[in-house]
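A quick write-up on the structure given underneath.
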Amino acid sequence: MNIIHFEKIDSTNNYAKKHLHELQPPVIVYADIQTKGKGRFERRFISPYGGLYMSMVLEWEEPLLNMIVPVGITEALKKINIDASVFWPNDIYLNRKKLGGILIEMAGKISIIGIGLNVNSRIKDFPFGLRKKITTLFHETGKQYDITELMVSIAEEILGLAWKKEYLHSLYTEKLSGIGEKVRIEVPGEGTVDGIIKGVTEKGSLLLDTGGSIKEICSGTIISS
Ligand code: BTN
């Protein structure tokens, strides 16, 4: 797999999209700092030095990527003794705080899998408003991690899951945080929905017990739990 590295860039996903015609997938684009890191729903993803900011560019049109990628990341973290969980749909949580996020974008038949993880960064590197909500591997363990090793391990886990799709639903469910908990979800175009998390469908939609019926939610954000 080709690997392209930048010390600083606006966003590795944006770079991959802009330069798609020059890239020969499979490629990983990664950077030490992003000045305009993007999250889901056009949110910002704060990307200080010490984090892992990567975009895997693959010729892989896979509807289950939304489950494969978070499972791949948690499996790679397990190998360095970090027991992270998936916060639906695909945030990575550790000790109930956000450790990282995933933004998958499609460009024709090409998937751009953006992954951001707070690795060696410090809590003080993040804006005040985020400091209670996020965490970093260094903050949790006091250890420094090799970012490129972790990046390669994540890429290997993600690609390896292509051959283990029959286990994907159970692997994802095992890692899913909040089963049995009451949550409020913001659903684009629908407002908010309250209910208890029951699990996910085979495609990764959230199953929410809304008191009387089970609602399937395919896109949204958990805003309180
Ligand atoms: C989220 O938390 O909503 C998703 C965050 C995804 C961040 C990664 S960092 C690498 C890639 N480049 C971006 O601009 N975003 C993704």
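The way I read the labels, and the way they are meant: chains A, B, ... in the order of the structure tokens, residue 1 as the first residue of every chain, and ligand 1 as the first ligand shown, with later ones counted on from there.
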**OP:** Do a neighbour search on range 82-99 of chain A at 8 Å with only C-alpha atoms, toss out local chain neighbours closer than 4 positions, and write the hits as a list of chain:residue names.
**Re:**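 Once the adjacent positions are removed, what remains is A:Asn66, A:Met67, A:Val69, A:Pro70, A:Val71, A:Thr74, A:Leu77, A:Lys78, A:Leu117, A:Asn118, A:Lys132, A:Lys133, A:Ile134, A:Thr135, A:Thr136, A:Leu137, A:Tyr172, A:Lys175, A:Leu176, A:Ser177, A:Gly178, A:Gly204, A:Ser205, A:Leu206, A:Ser219, A:Gly220, A:Thr221, A:Ile222.
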Could those residues be written to a file, using N, CA and C atoms, as a PDB file, in the first residue's frame?
ATOM      1  N   ASN A  66     -19.247   1.179   7.259  1.00  0.00           N
ATOM      2  CA  ASN A  66     -19.609   1.890   8.503  1.00  0.00           C
ATOM      3  C   ASN A  66     -19.484   0.999   9.737  1.00  0.00           C
ATOM      4  N   MET A  67     -19.508  -0.331   9.521  1.00  0.00           N
ATOM      5  CA  MET A  67     -19.289  -1.249  10.652  1.00  0.00           C
ATOM      6  C   MET A  67     -17.857  -1.791  10.649  1.00  0.00           C
ATOM      7  N   VAL A  69     -15.041  -0.399   9.644  1.00  0.00           N
ATOM      8  CA  VAL A  69     -13.981   0.525  10.075  1.00  0.00           C
ATOM      9  C   VAL A  69     -13.917   0.635  11.609  1.00  0.00           C
ATOM     10  N   PRO A  70     -15.043   0.898  12.302  1.00  0.00           N
ATOM     11  CA  PRO A  70     -14.904   0.975  13.769  1.00  0.00           C
ATOM     12  C   PRO A  70     -14.457  -0.341  14.395  1.00  0.00           C
ATOM     13  N   VAL A  71     -14.911  -1.466  13.837  1.00  0.00           N
ATOM     14  CA  VAL A  71     -14.472  -2.752  14.395  1.00  0.00           C
ATOM     15  C   VAL A  71     -12.965  -2.916  14.165  1.00  0.00           C
ATOM     16  N   THR A  74     -11.077  -0.799  16.705  1.00  0.00           N
ATOM     17  CA  THR A  74     -11.083  -1.337  18.081  1.00  0.00           C
ATOM     18  C   THR A  74     -10.230  -2.613  18.169  1.00  0.00           C
ATOM     19  N   LEU A  77      -6.686  -1.487  18.400  1.00  0.00           N
ATOM     20  CA  LEU A  77      -6.423  -0.942  19.737  1.00  0.00           C
ATOM     21  C   LEU A  77      -6.295  -2.063  20.766  1.00  0.00           C
ATOM     22  N   LYS A  78      -7.091  -3.124  20.554  1.00  0.00           N
ATOM     23  CA  LYS A  78      -7.019  -4.275  21.480  1.00  0.00           C
ATOM     24  C   LYS A  78      -5.602  -4.854  21.502  1.00  0.00           C
ATOM     25  N   LEU A 117      -7.740   9.800  15.431  1.00  0.00           N
ATOM     26  CA  LEU A 117      -7.641   9.220  16.789  1.00  0.00           C
ATOM     27  C   LEU A 117      -6.730  10.103  17.630  1.00  0.00           C
ATOM     28  N   ASN A 118      -7.152  10.361  18.854  1.00  0.00           N
ATOM     29  CA  ASN A 118      -6.322  11.144  19.773  1.00  0.00           C
ATOM     30  C   ASN A 118      -5.342  10.189  20.441  1.00  0.00           C
ATOM     31  N   LYS A 132     -13.849  18.042  28.433  1.00  0.00           N
ATOM     32  CA  LYS A 132     -14.508  17.041  29.290  1.00  0.00           C
ATOM     33  C   LYS A 132     -15.088  15.897  28.464  1.00  0.00           C
ATOM     34  N   LYS A 133     -15.163  16.109  27.137  1.00  0.00           N
ATOM     35  CA  LYS A 133     -15.844  15.116  26.294  1.00  0.00           C
ATOM     36  C   LYS A 133     -14.896  14.174  25.581  1.00  0.00           C
ATOM     37  N   ILE A 134     -13.614  14.609  25.463  1.00  0.00           N
ATOM     38  CA  ILE A 134     -12.695  13.792  24.674  1.00  0.00           C
ATOM     39  C   ILE A 134     -11.607  13.194  25.580  1.00  0.00           C
ATOM     40  N   THR A 135     -10.937  12.199  25.034  1.00  0.00           N
ATOM     41  CA  THR A 135      -9.762  11.706  25.736  1.00  0.00           C
ATOM     42  C   THR A 135      -8.685  11.335  24.713  1.00  0.00           C
ATOM     43  N   THR A 136      -7.492  11.018  25.212  1.00  0.00           N
ATOM     44  CA  THR A 136      -6.394  10.619  24.331  1.00  0.00           C
ATOM     45  C   THR A 136      -5.746   9.367  24.947  1.00  0.00           C
ATOM     46  N   LEU A 137      -5.048   8.598  24.121  1.00  0.00           N
ATOM     47  CA  LEU A 137      -4.407   7.389  24.675  1.00  0.00           C
ATOM     48  C   LEU A 137      -3.385   7.782  25.731  1.00  0.00           C
ATOM     49  N   TYR A 172     -19.300  -6.101  15.992  1.00  0.00           N
ATOM     50  CA  TYR A 172     -19.724  -4.709  16.197  1.00  0.00           C
ATOM     51  C   TYR A 172     -20.575  -4.618  17.475  1.00  0.00           C
ATOM     52  N   LYS A 175     -18.754  -4.651  20.673  1.00  0.00           N
ATOM     53  CA  LYS A 175     -18.017  -3.415  20.970  1.00  0.00           C
ATOM     54  C   LYS A 175     -18.936  -2.224  21.221  1.00  0.00           C
ATOM     55  N   LEU A 176     -20.226  -2.376  20.892  1.00  0.00           N
ATOM     56  CA  LEU A 176     -21.137  -1.227  20.949  1.00  0.00           C
ATOM     57  C   LEU A 176     -21.373  -0.781  22.385  1.00  0.00           C
ATOM     58  N   SER A 177     -21.194   0.506  22.649  1.00  0.00           N
ATOM     59  CA  SER A 177     -21.418   0.973  24.018  1.00  0.00           C
ATOM     60  C   SER A 177     -22.868   1.432  24.142  1.00  0.00           C
ATOM     61  N   GLY A 178     -23.430   1.326  25.337  1.00  0.00           N
ATOM     62  CA  GLY A 178     -24.751   1.896  25.616  1.00  0.00           C
ATOM     63  C   GLY A 178     -25.926   0.968  25.430  1.00  0.00           C
ATOM     64  N   GLY A 204     -26.151  -2.135  10.363  1.00  0.00           N
ATOM     65  CA  GLY A 204     -25.603  -1.126  11.265  1.00  0.00           C
ATOM     66  C   GLY A 204     -26.578  -0.039  11.686  1.00  0.00           C
ATOM     67  N   SER A 205     -27.869  -0.158  11.281  1.00  0.00           N
ATOM     68  CA  SER A 205     -28.847   0.830  11.766  1.00  0.00           C
ATOM     69  C   SER A 205     -29.100   0.568  13.241  1.00  0.00           C
ATOM     70  N   LEU A 206     -29.320   1.647  13.990  1.00  0.00           N
ATOM     71  CA  LEU A 206     -29.520   1.492  15.439  1.00  0.00           C
ATOM     72  C   LEU A 206     -30.947   1.022  15.715  1.00  0.00           C
ATOM     73  N   SER A 219     -29.325   6.929  10.311  1.00  0.00           N
ATOM     74  CA  SER A 219     -28.332   8.008  10.420  1.00  0.00           C
ATOM     75  C   SER A 219     -28.734   8.937  11.554  1.00  0.00           C
ATOM     76  N   GLY A 220     -27.758   9.416  12.296  1.00  0.00           N
ATOM     77  CA  GLY A 220     -28.076  10.321  13.389  1.00  0.00           C
ATOM     78  C   GLY A 220     -26.911  10.458  14.349  1.00  0.00           C
ATOM     79  N   THR A 221     -27.157  11.227  15.415  1.00  0.00           N
ATOM     80  CA  THR A 221     -26.129  11.455  16.417  1.00  0.00           C
ATOM     81  C   THR A 221     -26.752  11.296  17.800  1.00  0.00           C
ATOM     82  N   ILE A 222     -26.110  10.534  18.660  1.00  0.00           N
ATOM     83  CA  ILE A 222     -26.590  10.433  20.044  1.00  0.00           C
ATOM     84  C   ILE A 222     -26.204  11.735  20.736  1.00  0.00           C
TER      85      ILE A 222
END
**OP:** Could you give me, as number ranges by chain, every polymer residue with an atom at most 9 Å away from an atom of ligand 1, counting only C-alpha atoms and all ligand atoms?
**Re:** A: 10-15, 29-31, 34-47, 51-56, 90-92, 98, 100-104, 112-117
Could you write those residues out with N, CA and C atoms, as a compact mmCIF listing (two decimals), in the first residue's frame?
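Writing the result to selection-v5.txt gives the following:
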# COMPACT_ATOMS: atom_id res chain seq x y z
N ASP A 10 -4.69 20.71 5.37
CA ASP A 10 -6.03 21.13 5.83
C ASP A 10 -6.80 19.92 6.32
N SER A 11 -6.97 18.93 5.44
CA SER A 11 -7.70 17.72 5.82
C SER A 11 -7.23 16.59 4.90
N THR A 12 -6.89 15.45 5.46
CA THR A 12 -6.40 14.35 4.62
C THR A 12 -7.53 13.86 3.69
N ASN A 13 -8.77 13.90 4.16
CA ASN A 13 -9.89 13.49 3.28
C ASN A 13 -10.01 14.47 2.10
N ASN A 14 -9.87 15.77 2.38
CA ASN A 14 -9.98 16.75 1.29
C ASN A 14 -8.84 16.57 0.30
N TYR A 15 -7.63 16.31 0.81
CA TYR A 15 -6.49 16.09 -0.08
C TYR A 15 -6.78 14.89 -0.99
N VAL A 29 -3.19 8.37 3.06
CA VAL A 29 -2.68 9.73 3.21
C VAL A 29 -2.77 10.04 4.70
N TYR A 30 -1.64 10.46 5.30
CA TYR A 30 -1.75 10.84 6.71
C TYR A 30 -0.96 12.10 7.01
N ALA A 31 -1.32 12.75 8.10
CA ALA A 31 -0.69 14.03 8.44
C ALA A 31 -0.49 14.11 9.95
N GLN A 34 -3.84 18.57 11.25
CA GLN A 34 -4.80 19.04 10.25
C GLN A 34 -5.32 20.41 10.70
N THR A 35 -5.34 21.34 9.75
CA THR A 35 -5.81 22.69 10.11
C THR A 35 -7.32 22.82 9.90
N LYS A 36 -7.89 21.93 9.10
CA LYS A 36 -9.35 21.98 8.88
C LYS A 36 -9.91 20.57 8.86
N GLY A 37 -9.59 19.81 9.92
CA GLY A 37 -10.12 18.45 10.01
C GLY A 37 -11.64 18.48 10.03
N LYS A 38 -12.25 17.55 9.29
CA LYS A 38 -13.72 17.55 9.21
C LYS A 38 -14.28 16.31 9.90
N GLY A 39 -15.44 16.52 10.51
CA GLY A 39 -16.16 15.39 11.09
C GLY A 39 -17.46 15.15 10.33
N ARG A 40 -18.29 14.28 10.85
CA ARG A 40 -19.59 14.01 10.22
C ARG A 40 -20.45 15.26 10.31
N PHE A 41 -21.38 15.39 9.41
CA PHE A 41 -22.32 16.52 9.35
C PHE A 41 -21.59 17.87 9.34
N GLU A 42 -20.48 17.92 8.59
CA GLU A 42 -19.72 19.18 8.42
C GLU A 42 -19.18 19.75 9.74
N ARG A 43 -19.08 18.92 10.77
CA ARG A 43 -18.52 19.44 12.02
C ARG A 43 -17.00 19.51 11.89
N ARG A 44 -16.36 20.26 12.80
CA ARG A 44 -14.89 20.33 12.78
C ARG A 44 -14.33 19.14 13.55
N PHE A 45 -13.17 18.68 13.14
CA PHE A 45 -12.48 17.66 13.93
C PHE A 45 -11.14 18.26 14.32
N ILE A 46 -11.01 18.63 15.59
CA ILE A 46 -9.81 19.30 16.06
C ILE A 46 -8.64 18.31 16.02
N SER A 47 -7.56 18.72 15.33
CA SER A 47 -6.51 17.76 15.00
C SER A 47 -5.12 18.27 15.38
N GLY A 51 -1.84 13.40 17.24
CA GLY A 51 -2.96 12.51 16.88
C GLY A 51 -2.66 11.73 15.61
N LEU A 52 -3.52 10.78 15.31
CA LEU A 52 -3.43 10.03 14.06
C LEU A 52 -4.54 10.53 13.14
N TYR A 53 -4.15 11.07 11.99
CA TYR A 53 -5.12 11.61 11.04
C TYR A 53 -4.83 10.94 9.70
N MET A 54 -5.66 10.01 9.31
CA MET A 54 -5.37 9.23 8.11
C MET A 54 -6.60 9.10 7.23
N SER A 55 -6.35 9.00 5.91
CA SER A 55 -7.43 8.66 4.98
C SER A 55 -6.95 7.47 4.17
N MET A 56 -7.73 6.40 4.23
CA MET A 56 -7.41 5.22 3.41
C MET A 56 -8.24 5.34 2.15
N ASN A 90 -20.27 5.47 14.55
CA ASN A 90 -18.90 5.02 14.41
C ASN A 90 -17.86 5.92 15.07
N ASP A 91 -18.21 6.41 16.26
CA ASP A 91 -17.17 7.07 17.05
C ASP A 91 -16.46 6.01 17.89
N ILE A 92 -15.22 6.32 18.24
CA ILE A 92 -14.46 5.41 19.08
C ILE A 92 -14.38 6.03 20.48
N LYS A 98 -14.76 10.53 23.99
CA LYS A 98 -14.44 10.30 22.58
C LYS A 98 -12.93 10.27 22.35
N GLY A 100 -11.87 9.05 19.20
CA GLY A 100 -11.68 9.28 17.77
C GLY A 100 -12.97 9.18 17.00
N GLY A 101 -12.85 9.49 15.71
CA GLY A 101 -14.04 9.45 14.85
C GLY A 101 -13.69 9.00 13.45
N ILE A 102 -14.73 8.75 12.68
CA ILE A 102 -14.57 8.20 11.32
C ILE A 102 -15.46 9.00 10.37
N LEU A 103 -14.90 9.35 9.23
CA LEU A 103 -15.70 10.02 8.21
C LEU A 103 -15.45 9.31 6.89
N ILE A 104 -16.47 8.59 6.42
CA ILE A 104 -16.31 7.84 5.16
C ILE A 104 -16.98 8.64 4.05
N ILE A 112 -13.18 6.83 0.53
CA ILE A 112 -12.16 7.58 1.28
C ILE A 112 -12.53 7.44 2.75
N ILE A 113 -11.70 6.66 3.45
CA ILE A 113 -12.02 6.33 4.84
C ILE A 113 -11.16 7.20 5.74
N GLY A 114 -11.77 8.25 6.29
CA GLY A 114 -11.03 9.17 7.16
C GLY A 114 -11.14 8.71 8.61
N ILE A 115 -9.98 8.62 9.23
CA ILE A 115 -9.93 8.18 10.64
C ILE A 115 -9.11 9.18 11.45
N GLY A 116 -9.67 9.64 12.53
CA GLY A 116 -8.93 10.52 13.44
C GLY A 116 -8.93 9.91 14.83
N LEU A 117 -7.74 9.80 15.43
CA LEU A 117 -7.64 9.22 16.79
C LEU A 117 -6.73 10.10 17.63
Original post:
In terms of the shortest atom-to-atom distance over only C-alpha atoms, which of A:Glu174, A:Asp32, A:Asp209, A:Glu105 is closest to Gly195 in chain A?
Top reply: A:Asp209
Against range 138-154 of chain A, which residues of range 13-83 of chain A fall within 6 Å? For each one I want the closest pair of atoms and the distance in Å (one decimal), counting only C-alpha atoms, rows by chain and increasing residue number, as JSON lines.
{"residue": "A:Gly72", "atom": "CA", "partner": "A:Ile154", "partner_atom": "CA", "distance": 6.0}
{"residue": "A:Ile73", "atom": "CA", "partner": "A:Ile154", "partner_atom": "CA", "distance": 5.3}
{"residue": "A:Ala76", "atom": "CA", "partner": "A:Ile154", "partner_atom": "CA", "distance": 5.3}
Restrict the selected residues to N, CA and C atoms and save them as a short mmCIF file (atom, residue, chain, number, x, y, z; two decimals), in the first residue's frame.
data_model
loop_
_atom_site.label_atom_id
_atom_site.label_comp_id
_atom_site.auth_asym_id
_atom_site.auth_seq_id
_atom_site.Cartn_x
_atom_site.Cartn_y
_atom_site.Cartn_z
N GLY A 72 -12.49 -2.55 12.96
CA GLY A 72 -11.05 -2.65 12.66
C GLY A 72 -10.22 -1.81 13.63
N ILE A 73 -10.72 -0.61 13.91
CA ILE A 73 -9.96 0.28 14.82
C ILE A 73 -9.93 -0.32 16.23
N ALA A 76 -7.50 -3.17 16.37
CA ALA A 76 -6.09 -2.73 16.39
C ALA A 76 -5.74 -2.18 17.78
#
Subject >> Sel. of helix (DSSP H, G or I) residues, range 24-217 of chain A, as JSON, numbers by chain >> reply: {"A": [40, 41, 42, 65, 66, 67, 68, 69, 70, 71, 72, 73, 74, 75, 76, 77, 78, 79, 123, 124, 125, 128, 129, 130, 137, 138, 139, 140, 141, 147, 148, 149, 150, 151, 152, 153, 154, 155, 156, 157, 158, 159, 160, 161, 162, 163, 165, 166, 167, 168, 169, 170, 171, 172, 173, 174, 175]}
Subject >> Proximity to Ile3 in chain A - best of A:Gly189, A:Lys215, A:His21, A:Ala16, only C-alpha atoms >> reply: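 Closest residue, counting only C-alpha atoms: A:Ala16.
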Subject >> Picked from range 19-206 of chain A by DSSP as strand (DSSP E), as a PyMOL selection string >> reply: chain A and resi 27-34+52-58+85-87+91-94+97-107+110-117+182-187+191-200+206
Subject >> Atomic separation - CA of Ile110 in chain A relative to CA of Trp163 in chain A, Å >> reply: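 One can read the CA of Trp163 in chain A to CA of Ile110 in chain A distance as 19.3 Å.
Shortest atom-to-atom contact with Arg122 in chain A among A:Ala155, A:Gly108, A:Pro48, A:Ser225: A:Pro48, counting only C-alpha atoms.
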Subject >> Given only C-alpha atoms as the counted atoms, nearest of A:Glu156, A:Glu7, A:Glu202, A:Asp194 to Ser170 in chain A >> reply: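 When distances to Ser170 in chain A are compared using only C-alpha atoms, the smallest one comes from A:Glu202.
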Original post:
Using only C-alpha atoms, which residue out of A:Asp125, A:Glu166, A:Glu157, A:Glu22 lies closest to Leu64 in chain A?
Top reply: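 Using only C-alpha atoms, the shortest distance to Leu64 in chain A belongs to A:Glu166.
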